[in-house]
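Below is target_35.cif, which holds mmCIF, C-alpha atoms.
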```
data_input
#
loop_
_atom_site.group_PDB
_atom_site.id
_atom_site.type_symbol
_atom_site.label_atom_id
_atom_site.label_comp_id
_atom_site.auth_asym_id
_atom_site.auth_seq_id
_atom_site.Cartn_x
_atom_site.Cartn_y
_atom_site.Cartn_z
ATOM 1 C CA MET A 25 0.000 0.000 0.000
ATOM 2 C CA GLN A 26 1.389 3.390 -0.992
ATOM 3 C CA LEU A 27 0.409 6.962 -0.140
ATOM 4 C CA ARG A 28 -0.924 7.518 -3.647
ATOM 5 C CA HIS A 29 -3.435 4.694 -3.085
ATOM 6 C CA LEU A 30 -4.702 6.486 0.017
ATOM 7 C CA ARG A 31 -4.848 9.847 -1.789
ATOM 8 C CA TYR A 32 -6.790 8.328 -4.679
ATOM 9 C CA PHE A 33 -9.213 6.536 -2.367
ATOM 10 C CA VAL A 34 -9.903 9.618 -0.231
ATOM 11 C CA LYS A 35 -10.491 11.751 -3.329
ATOM 12 C CA ILE A 36 -12.918 9.190 -4.796
ATOM 13 C CA VAL A 37 -14.959 9.033 -1.581
ATOM 14 C CA GLU A 38 -15.088 12.829 -1.332
ATOM 15 C CA ALA A 39 -15.952 13.274 -5.025
ATOM 16 C CA GLY A 40 -18.589 10.525 -4.974
ATOM 17 C CA SER A 41 -17.536 9.025 -8.304
ATOM 18 C CA PHE A 42 -14.476 7.798 -10.193
ATOM 19 C CA SER A 43 -15.043 10.236 -13.053
ATOM 20 C CA ARG A 44 -15.189 13.319 -10.830
ATOM 21 C CA ALA A 45 -12.152 12.157 -8.860
ATOM 22 C CA ALA A 46 -10.211 11.476 -12.065
ATOM 23 C CA ALA A 47 -10.873 15.038 -13.206
ATOM 24 C CA LEU A 48 -9.706 16.474 -9.883
ATOM 25 C CA ILE A 49 -6.493 14.477 -9.355
ATOM 26 C CA PRO A 50 -5.989 14.296 -12.483
ATOM 27 C CA VAL A 51 -5.527 10.617 -13.394
ATOM 28 C CA ALA A 52 -7.178 8.693 -16.204
ATOM 29 C CA GLN A 53 -10.316 6.985 -14.934
ATOM 30 C CA PRO A 54 -9.283 3.443 -16.017
ATOM 31 C CA ALA A 55 -5.955 3.827 -14.178
ATOM 32 C CA LEU A 56 -7.786 5.101 -11.099
ATOM 33 C CA SER A 57 -10.140 2.117 -11.145
ATOM 34 C CA GLN A 58 -7.157 -0.242 -11.436
ATOM 35 C CA GLN A 59 -5.448 1.366 -8.431
ATOM 36 C CA ILE A 60 -8.544 0.948 -6.235
ATOM 37 C CA ALA A 61 -9.070 -2.633 -7.443
ATOM 38 C CA ALA A 62 -5.454 -3.389 -6.487
ATOM 39 C CA LEU A 63 -6.023 -1.814 -3.059
ATOM 40 C CA GLU A 64 -9.146 -3.932 -2.516
ATOM 41 C CA ASP A 65 -7.228 -7.063 -3.550
ATOM 42 C CA GLU A 66 -4.390 -6.238 -1.150
ATOM 43 C CA LEU A 67 -6.759 -5.629 1.784
ATOM 44 C CA GLY A 68 -9.077 -8.491 0.890
ATOM 45 C CA VAL A 69 -12.264 -6.411 1.254
ATOM 46 C CA VAL A 70 -14.643 -4.425 -0.928
ATOM 47 C CA LEU A 71 -14.116 -0.733 -0.180
ATOM 48 C CA LEU A 72 -16.701 0.924 -2.434
ATOM 49 C CA HIS A 73 -20.311 0.299 -3.412
ATOM 50 C CA ARG A 74 -20.480 1.085 -7.126
ATOM 51 C CA SER A 75 -23.696 2.122 -8.914
ATOM 52 C CA ALA A 76 -24.838 4.184 -11.885
ATOM 53 C CA ARG A 77 -25.169 7.181 -9.544
ATOM 54 C CA GLY A 78 -21.580 6.976 -8.298
ATOM 55 C CA VAL A 79 -19.817 5.329 -5.381
ATOM 56 C CA ARG A 80 -20.086 5.267 -1.621
ATOM 57 C CA PRO A 81 -17.849 3.553 0.921
ATOM 58 C CA THR A 82 -18.677 0.201 2.466
ATOM 59 C CA ALA A 83 -18.227 -0.170 6.236
ATOM 60 C CA ALA A 84 -14.619 -1.190 5.596
ATOM 61 C CA GLY A 85 -14.232 1.694 3.157
ATOM 62 C CA ALA A 86 -15.549 4.187 5.690
ATOM 63 C CA ALA A 87 -13.003 2.951 8.236
ATOM 64 C CA LEU A 88 -10.214 3.224 5.681
ATOM 65 C CA TYR A 89 -11.361 6.725 4.702
ATOM 66 C CA THR A 90 -11.133 7.922 8.330
ATOM 67 C CA GLU A 91 -7.649 6.484 8.811
ATOM 68 C CA ALA A 92 -6.374 7.540 5.383
ATOM 69 C CA ALA A 93 -7.635 11.112 5.797
ATOM 70 C CA SER A 94 -5.854 11.297 9.149
ATOM 71 C CA ILE A 95 -2.587 9.968 7.690
ATOM 72 C CA LEU A 96 -2.697 12.394 4.757
ATOM 73 C CA SER A 97 -3.451 15.255 7.133
ATOM 74 C CA GLN A 98 -0.382 14.353 9.191
ATOM 75 C CA MET A 99 1.719 14.273 6.036
ATOM 76 C CA GLU A 100 0.503 17.763 5.109
ATOM 77 C CA ARG A 101 1.363 19.054 8.569
ATOM 78 C CA ILE A 102 5.063 18.126 8.456
ATOM 79 C CA PRO A 103 6.296 20.709 5.903
ATOM 80 C CA GLN A 104 4.085 23.407 7.430
ATOM 81 C CA ILE A 105 5.581 22.874 10.882
ATOM 82 C CA VAL A 106 9.171 22.805 9.603
ATOM 83 C CA ARG A 107 8.846 25.825 7.316
ATOM 84 C CA SER A 108 7.029 27.932 9.906
ATOM 85 C CA LEU A 109 9.757 27.312 12.480
ATOM 86 C CA GLY A 110 12.280 28.670 10.006
ATOM 87 C CA GLY A 111 10.640 32.009 9.292
ATOM 88 C CA GLU A 112 7.336 33.572 8.280
ATOM 89 C CA MET A 113 4.173 31.516 8.785
ATOM 90 C CA GLN A 114 3.248 29.644 5.634
ATOM 91 C CA GLY A 115 1.124 26.717 4.591
ATOM 92 C CA VAL A 116 -2.488 25.665 4.004
ATOM 93 C CA VAL A 117 -5.078 25.811 6.796
ATOM 94 C CA ARG A 118 -8.387 23.982 6.357
ATOM 95 C CA ILE A 119 -11.158 25.917 8.026
ATOM 96 C CA GLY A 120 -14.873 25.168 8.231
ATOM 97 C CA MET A 121 -17.700 27.529 9.070
ATOM 98 C CA SER A 122 -21.399 27.118 9.756
ATOM 99 C CA SER A 123 -23.210 28.009 6.527
ATOM 100 C CA THR A 124 -25.141 30.750 8.328
ATOM 101 C CA LEU A 125 -21.962 32.338 9.680
ATOM 102 C CA ALA A 126 -20.220 31.882 6.347
ATOM 103 C CA SER A 127 -22.916 33.922 4.602
ATOM 104 C CA PHE A 128 -21.572 37.153 6.114
ATOM 105 C CA LEU A 129 -18.122 36.339 7.558
ATOM 106 C CA ALA A 130 -16.308 34.177 5.008
ATOM 107 C CA GLY A 131 -15.309 36.835 2.489
ATOM 108 C CA THR A 132 -14.080 39.413 4.987
ATOM 109 C CA LEU A 133 -12.217 36.730 6.970
ATOM 110 C CA MET A 134 -10.358 35.690 3.826
ATOM 111 C CA GLU A 135 -9.416 39.314 3.203
ATOM 112 C CA ALA A 136 -8.167 39.710 6.783
ATOM 113 C CA CYS A 137 -6.105 36.522 6.526
ATOM 114 C CA LYS A 138 -4.567 37.590 3.224
ATOM 115 C CA ALA A 139 -3.576 40.964 4.699
ATOM 116 C CA THR A 140 -2.231 39.625 8.014
ATOM 117 C CA LEU A 141 -0.882 36.191 7.057
ATOM 118 C CA PRO A 142 -0.050 36.546 3.348
ATOM 119 C CA LYS A 143 1.779 33.197 3.026
ATOM 120 C CA ILE A 144 -1.044 31.168 4.550
ATOM 121 C CA SER A 145 -3.763 29.898 2.220
ATOM 122 C CA LEU A 146 -7.218 29.088 3.575
ATOM 123 C CA ARG A 147 -8.949 25.975 2.279
ATOM 124 C CA PHE A 148 -12.505 26.924 3.146
ATOM 125 C CA SER A 149 -15.592 24.728 3.674
ATOM 126 C CA SER A 150 -19.094 25.457 4.929
ATOM 127 C CA GLY A 151 -21.820 23.188 6.220
ATOM 128 C CA ALA A 152 -23.842 22.197 9.252
ATOM 129 C CA SER A 153 -22.022 22.612 12.566
ATOM 130 C CA GLY A 154 -22.274 18.936 13.521
ATOM 131 C CA GLN A 155 -20.841 17.851 10.179
ATOM 132 C CA LEU A 156 -17.917 20.244 10.617
ATOM 133 C CA GLY A 157 -17.219 18.678 14.008
ATOM 134 C CA ASP A 158 -17.134 15.244 12.365
ATOM 135 C CA ARG A 159 -14.608 16.528 9.830
ATOM 136 C CA ILE A 160 -12.325 17.759 12.592
ATOM 137 C CA ARG A 161 -12.494 14.293 14.167
ATOM 138 C CA ASP A 162 -11.645 12.815 10.747
ATOM 139 C CA SER A 163 -8.696 15.240 10.420
ATOM 140 C CA THR A 164 -10.053 16.720 7.180
ATOM 141 C CA LEU A 165 -10.428 20.134 8.850
ATOM 142 C CA ASP A 166 -8.063 21.979 11.195
ATOM 143 C CA LEU A 167 -10.519 24.510 12.637
ATOM 144 C CA ALA A 168 -14.229 25.266 12.519
ATOM 145 C CA LEU A 169 -16.433 28.161 13.565
ATOM 146 C CA VAL A 170 -19.676 26.515 14.625
ATOM 147 C CA PHE A 171 -22.924 27.131 16.443
ATOM 148 C CA GLU A 172 -23.484 25.041 19.581
ATOM 149 C CA ASP A 173 -26.566 24.295 21.651
ATOM 150 C CA GLU A 174 -24.782 22.216 24.281
ATOM 151 C CA PRO A 175 -20.958 22.481 24.235
ATOM 152 C CA PHE A 176 -19.331 20.081 21.780
ATOM 153 C CA THR A 177 -17.341 17.439 23.638
ATOM 154 C CA GLY A 178 -13.981 16.028 22.606
ATOM 155 C CA PHE A 179 -12.686 19.301 21.165
ATOM 156 C CA MET A 180 -10.621 22.269 22.154
ATOM 157 C CA ARG A 181 -13.217 25.031 22.073
ATOM 158 C CA GLN A 182 -13.264 28.788 22.477
ATOM 159 C CA PRO A 183 -16.735 30.357 22.872
ATOM 160 C CA LEU A 184 -16.895 33.755 21.159
ATOM 161 C CA PHE A 185 -20.483 35.034 21.353
ATOM 162 C CA ARG A 186 -24.068 34.072 22.123
ATOM 163 C CA GLN A 187 -26.461 34.544 19.234
ATOM 164 C CA ARG A 188 -30.231 34.975 19.507
ATOM 165 C CA LEU A 189 -32.580 33.291 17.057
ATOM 166 C CA PHE A 190 -34.863 35.205 14.697
ATOM 167 C CA VAL A 191 -38.025 34.340 12.806
ATOM 168 C CA VAL A 192 -37.402 35.268 9.168
ATOM 169 C CA SER A 193 -40.611 35.994 7.245
ATOM 170 C CA PRO A 194 -41.826 37.545 3.993
ATOM 171 C CA ARG A 195 -42.061 41.305 4.491
ATOM 172 C CA LYS A 196 -45.627 42.531 5.046
ATOM 173 C CA ALA A 197 -47.276 45.931 4.883
ATOM 174 C CA GLY A 198 -46.915 48.027 8.030
ATOM 175 C CA ARG A 199 -44.303 48.095 10.750
ATOM 176 C CA ARG A 200 -42.155 45.122 11.579
ATOM 177 C CA PRO A 201 -43.197 43.603 14.937
ATOM 178 C CA SER A 202 -40.712 43.958 17.781
ATOM 179 C CA GLY A 203 -40.790 40.238 18.572
ATOM 180 C CA VAL A 204 -42.533 36.905 18.121
ATOM 181 C CA ARG A 205 -43.533 34.828 21.163
ATOM 182 C CA PHE A 206 -42.277 31.272 20.933
ATOM 183 C CA GLU A 207 -45.800 29.864 21.246
ATOM 184 C CA GLN A 208 -46.841 31.890 18.148
ATOM 185 C CA LEU A 209 -44.611 29.626 16.055
ATOM 186 C CA ALA A 210 -47.304 26.940 16.361
ATOM 187 C CA ASP A 211 -49.471 28.922 13.915
ATOM 188 C CA MET A 212 -46.732 29.616 11.354
ATOM 189 C CA PRO A 213 -45.821 27.491 8.321
ATOM 190 C CA LEU A 214 -42.126 26.761 8.859
ATOM 191 C CA ILE A 215 -39.166 25.985 6.626
ATOM 192 C CA LEU A 216 -36.628 24.334 8.928
ATOM 193 C CA PRO A 217 -33.114 22.945 8.593
ATOM 194 C CA ALA A 218 -33.057 19.223 7.871
ATOM 195 C CA HIS A 219 -31.500 16.827 10.372
ATOM 196 C CA PRO A 220 -28.730 16.588 11.446
ATOM 197 C CA ASN A 221 -28.577 20.278 12.382
ATOM 198 C CA ILE A 222 -27.826 22.021 15.692
ATOM 199 C CA THR A 223 -30.556 24.661 15.320
ATOM 200 C CA ARG A 224 -33.134 22.029 14.338
ATOM 201 C CA THR A 225 -32.236 19.761 17.263
ATOM 202 C CA MET A 226 -32.641 22.644 19.702
ATOM 203 C CA LEU A 227 -35.945 23.747 18.148
ATOM 204 C CA ASP A 228 -37.339 20.209 18.265
ATOM 205 C CA ARG A 229 -36.495 20.053 21.969
ATOM 206 C CA LEU A 230 -38.136 23.429 22.658
ATOM 207 C CA PHE A 231 -41.235 22.552 20.607
ATOM 208 C CA ALA A 232 -41.642 19.324 22.573
ATOM 209 C CA LYS A 233 -41.181 21.126 25.891
ATOM 210 C CA ALA A 234 -43.827 23.721 24.922
ATOM 211 C CA GLY A 235 -46.250 21.068 23.605
ATOM 212 C CA ILE A 236 -46.098 22.544 20.091
ATOM 213 C CA VAL A 237 -46.495 20.478 16.932
ATOM 214 C CA PRO A 238 -44.800 22.686 14.313
ATOM 215 C CA GLN A 239 -46.307 23.139 10.850
ATOM 216 C CA ILE A 240 -43.245 22.138 8.818
ATOM 217 C CA VAL A 241 -43.901 22.809 5.141
ATOM 218 C CA ALA A 242 -40.348 22.246 3.895
ATOM 219 C CA GLU A 243 -36.900 21.167 5.070
ATOM 220 C CA THR A 244 -33.530 21.976 3.550
ATOM 221 C CA GLU A 245 -29.861 21.526 4.398
ATOM 222 C CA VAL A 246 -28.849 24.761 2.670
ATOM 223 C CA PHE A 247 -29.008 28.254 4.173
ATOM 224 C CA SER A 248 -29.704 29.824 0.772
ATOM 225 C CA GLY A 249 -32.530 27.334 0.210
ATOM 226 C CA MET A 250 -34.310 28.465 3.376
ATOM 227 C CA LEU A 251 -34.058 32.117 2.365
ATOM 228 C CA SER A 252 -35.255 31.392 -1.176
ATOM 229 C CA ALA A 253 -38.299 29.561 0.173
ATOM 230 C CA VAL A 254 -39.133 32.493 2.466
ATOM 231 C CA GLN A 255 -38.729 34.965 -0.392
ATOM 232 C CA ALA A 256 -41.062 32.816 -2.492
ATOM 233 C CA GLY A 257 -43.702 33.121 0.232
ATOM 234 C CA ILE A 258 -43.732 29.420 1.134
ATOM 235 C CA GLY A 259 -43.373 30.078 4.832
ATOM 236 C CA ASN A 260 -41.109 31.351 7.596
ATOM 237 C CA THR A 261 -37.767 30.100 8.820
ATOM 238 C CA ILE A 262 -35.798 30.340 12.071
ATOM 239 C CA LEU A 263 -32.156 31.363 11.922
ATOM 240 C CA PRO A 264 -29.376 32.674 14.188
ATOM 241 C CA LEU A 265 -29.075 35.719 11.960
ATOM 242 C CA GLY A 266 -30.933 39.011 11.936
ATOM 243 C CA ASP A 267 -29.197 41.140 9.302
ATOM 244 C CA PHE A 268 -29.753 40.139 5.683
ATOM 245 C CA SER A 269 -28.548 43.360 4.064
ATOM 246 C CA GLY A 270 -25.856 41.417 2.197
ATOM 247 C CA VAL A 271 -28.347 38.918 0.763
ATOM 248 C CA PRO A 272 -29.803 39.543 -2.727
ATOM 249 C CA GLY A 273 -33.460 40.520 -2.448
ATOM 250 C CA TYR A 274 -33.191 41.206 1.284
ATOM 251 C CA GLY A 275 -35.863 43.909 0.949
ATOM 252 C CA THR A 276 -38.516 41.195 0.531
ATOM 253 C CA ILE A 277 -37.925 39.648 3.986
ATOM 254 C CA TRP A 278 -37.527 40.735 7.577
ATOM 255 C CA ALA A 279 -36.196 39.179 10.753
ATOM 256 C CA VAL A 280 -37.917 39.375 14.140
ATOM 257 C CA LEU A 281 -36.459 38.243 17.464
ATOM 258 C CA ILE A 282 -38.013 35.265 19.253
ATOM 259 C CA GLU A 283 -39.270 36.062 22.763
ATOM 260 C CA PRO A 284 -38.277 34.982 25.330
ATOM 261 C CA PRO A 285 -34.712 34.865 23.959
ATOM 262 C CA VAL A 286 -33.449 31.624 22.441
ATOM 263 C CA HIS A 287 -29.668 31.421 22.042
ATOM 264 C CA LEU A 288 -26.959 29.437 20.333
ATOM 265 C CA THR A 289 -23.250 29.850 21.097
ATOM 266 C CA ALA A 290 -20.690 30.548 18.361
ATOM 267 C CA SER A 291 -17.384 28.821 19.126
ATOM 268 C CA VAL A 292 -14.092 27.999 17.439
ATOM 269 C CA ILE A 293 -13.338 24.300 17.773
ATOM 270 C CA ALA A 294 -10.278 22.179 16.994
ATOM 271 C CA SER A 295 -9.102 18.663 17.775
ATOM 272 C CA ASN A 296 -8.013 17.997 21.339
ATOM 273 C CA GLU A 297 -5.890 15.076 20.127
ATOM 274 C CA VAL A 298 -3.929 16.558 17.197
ATOM 275 C CA PRO A 299 -2.078 19.810 18.014
ATOM 276 C CA LEU A 300 -2.574 22.689 15.608
ATOM 277 C CA THR A 301 0.310 23.518 13.303
ATOM 278 C CA PRO A 302 1.828 27.005 13.778
ATOM 279 C CA PRO A 303 -0.060 28.310 10.691
ATOM 280 C CA ALA A 304 -3.354 26.854 11.966
ATOM 281 C CA GLU A 305 -2.748 28.351 15.427
ATOM 282 C CA ALA A 306 -2.084 31.727 13.801
ATOM 283 C CA VAL A 307 -5.360 31.473 11.851
ATOM 284 C CA ARG A 308 -7.229 30.425 15.007
ATOM 285 C CA ALA A 309 -5.979 33.534 16.838
ATOM 286 C CA LEU A 310 -6.828 35.772 13.864
ATOM 287 C CA LEU A 311 -10.290 34.202 13.508
ATOM 288 C CA SER A 312 -11.099 34.676 17.189
ATOM 289 C CA GLU A 313 -10.049 38.321 17.180
ATOM 290 C CA PHE A 314 -11.758 38.974 13.847
ATOM 291 C CA VAL A 315 -15.105 37.543 15.029
ATOM 292 C CA ARG A 316 -14.976 39.408 18.356
ATOM 293 C CA ARG A 317 -14.351 42.652 16.488
ATOM 294 C CA GLN A 318 -17.299 41.990 14.167
ATOM 295 C CA VAL A 319 -19.567 41.453 17.179
ATOM 296 C CA GLU A 320 -18.308 44.294 19.371
ATOM 297 C CA GLU A 321 -17.585 47.006 16.809
ATOM 298 C CA LYS A 322 -20.145 46.326 14.103
ATOM 299 C CA GLY A 323 -23.060 45.431 16.364
ATOM 300 C CA LEU A 324 -23.983 42.044 14.927
ATOM 301 C CA ALA A 325 -27.757 41.763 15.360
ATOM 302 C CA GLY A 326 -28.758 39.578 18.305
ATOM 303 C CA ALA A 327 -25.155 38.839 19.325
ATOM 304 C CA GLU A 328 -23.715 39.113 22.839
ATOM 305 C CA PRO A 329 -19.907 38.802 23.182
ATOM 306 C CA ILE A 330 -18.542 36.259 25.655
ATOM 307 C CA ALA A 331 -15.642 37.498 27.783
ATOM 308 C CA SER A 332 -12.405 35.674 27.006
#
```
Please, can you express the file's structure as structure tokens?
Amino acid sequence: MQLRHLRYFVKIVEAGSFSRAAALIPVAQPALSQQIAALEDELGVVLLHRSARGVRPTAAGAALYTEAASILSQMERIPQIVRSLGGEMQGVVRIGMSSTLASFLAGTLMEACKATLPKISLRFSSGASGQLGDRIRDSTLDLALVFEDEPFTGFMRQPLFRQRLFVVSPRKAGRRPSGVRFEQLADMPLILPAHPNITRTMLDRLFAKAGIVPQIVAETEVFSGMLSAVQAGIGNTILPLGDFSGVPGYGTIWAVLIEPPVHLTASVIASNEVPLTPPAEAVRALLSEFVRRQVEEKGLAGAEPIAS
């Protein structure tokens, strides 16, 4: 077994098909298939379920993916550590961000990193907070800025701010209400995040506690999908975000705070087993300071800074 076999296998799993992986590596698809067949023969197990729609790992393949991703991550870390000890910070840092947070922080964070740490490149991903935590465990991310309901366990974590939840609705004639009582949500058609999702898990718990059966008209995993559905008049959504001025068509929606307050906590998380490289530690410090400044100086709607 060679490192290239692991690289090829990881790329195929992440791409979801041999053809997409072959285009990304790049390696001819027949050669890629031969390499994986040789790996399966060597290990004596089937690693991938193959179908017309692509591939997905078997149980053995999923275990190999976790271990291979960790090994490749360690290999990437070695030159970054050595080079950074010899001079200016340099290397690639893989950072994840909740899709809601990414909608207004990602671009400006990249600008700040380029200005402050010019030899560090960010490899950026967005997604649901729980999924980002899984990727840190799998060593495919170095850092993540996530929303938490209960504190994530098994990570180094740095809470940055508490964020209130808003009901986001199609804009109506008249003045925007000052708040929406939680029990009023029972009468609203709702577009909610699909499981697994931190916000959805918390809302389900609160609905059950209040004896509310929510009118869920649609579910989506994508932040932009929720906003599009609201703009189309399908229903209302619930998000930890109250300022949509950077979103196209924001004039057609408005955000109203839920009363009494419902909070999530925004935190930076990293592995508590694999130490951060010097470049990743530099990005973590920059990210923490950058987010605190956004909250304290720019008055992020519904956000309350947490003292460090």
Please put the answer as lines of an AutoDock Vina configuration file: centre and edge lengths, in Å with one decimal, of a box along x, y and z that encloses all listed atoms of segment 165-182 of chain A plus 5 Å on each side.
```
center_x = -17.3
center_y = 22.4
center_z = 16.6
size_x = 28.5
size_y = 22.8
size_z = 25.4
```
TODO: Have a look at A:Glu321, A:Glu328, A:Glu305, A:Asp158 and name the one nearest to Gln114 of chain A; count all atoms listed in the file.
DONE: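 Smallest distance to Gln114 of chain A is found for A:Glu305.
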Open item on the list: So the first atom is atom CA of Ala290 of chain A and the second is atom CA of Val170 of chain A; what is the distance between them in Å, to one decimal place?
Closed with: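 Separation between atom CA of Ala290 of chain A and atom CA of Val170 of chain A: 5.6 Å.
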- [ ] Measuring atom to atom with only C-alpha atoms, identify which of A:Ser123, A:Ala306, A:Cys137, A:Pro213 is nearest to Phe247 of chain A.
- [x] A:Ser123
Task: Nearest to Arg195 of chain A, chosen from A:Gln58, A:Thr177, A:Thr276, A:Ser312, with only C-alpha atoms counted in the distances - done: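 Of A:Gln58, A:Thr177, A:Thr276, A:Ser312, the one nearest Arg195 of chain A, counting only C-alpha atoms, is A:Thr276.
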- [ ] Enumerate, as an MDAnalysis selection string, the residues matched when the PyMOL selection byres ((chain A and resi 215-227) around 10) is run on the file above.
- [x] chainID A and resid 151:155 170:174 189 192 212:214 228:233 238:247 249:251 253:254 258:264 286:288
TODO: Would you mind telling me which residue in A:Ala52, A:Leu300, A:Ala279, A:Ile293 lies nearest to Ser193 of chain A when using only C-alpha atoms?
DONE: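 Among the listed residues, the smallest separation from Ser193 of chain A belongs to A:Ala279.
Take the candidates A:Val37, A:Ile119, A:Leu27, A:Lys143 and check each one against Gly85 of chain A using only C-alpha atoms; the shortest distance goes to A:Val37.
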Task: Polymer residues at most 10 Å from Thr82 of chain A, only C-alpha atoms, same-chain spacing of 3 or more positions, as a list in words - done: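 Near Thr82 of chain A, the qualifying residues are Val69, Val70, Leu71, Leu72, His73, Arg74, Val79, Gly85, Ala86, Ala87 and Leu88 of chain A.
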TODO: Take atom CA of Arg161 of chain A and atom CA of Ala126 of chain A and report the distance between them in Å, one decimal.
DONE: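 Between atom CA of Arg161 of chain A and atom CA of Ala126 of chain A the gap is 20.7 Å.
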Task: Nearest to Val280 of chain A by atom-to-atom distance, counting all atoms listed in the file, from A:Asp267, A:Glu313, A:Glu100, A:Asp65 - done: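 For Val280 of chain A, the nearest of the given residues is A:Asp267.
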- [ ] Record the distance separating atom CA of Met25 of chain A and atom CA of Asp162 of chain A, expressed in Å with one decimal.
- [x]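 Interatomic distance, atom CA of Met25 of chain A to atom CA of Asp162 of chain A: 20.4 Å.
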- [ ] Determine the residue membership of the PyMOL selection byres ((chain A and resi 282) around 7) for the file above and supply it as a PyMOL selection string.
- [x] chain A and resi 189-191+203-206+280-281+283-286
- [ ] Write out as a count of residues only the residues lying within 9 Å of Ser163 of chain A, counting all atoms listed in the file and excluding same-chain residues fewer than 2 positions away.
- [x] 16
Task: Residue contacts of Ser149 of chain A (8 Å, all atoms listed in the file) excluding same-chain residues fewer than 4 positions away, as a list in words - done: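 The filter keeps Arg118, Ile119, Gly120 and Met121 of chain A.
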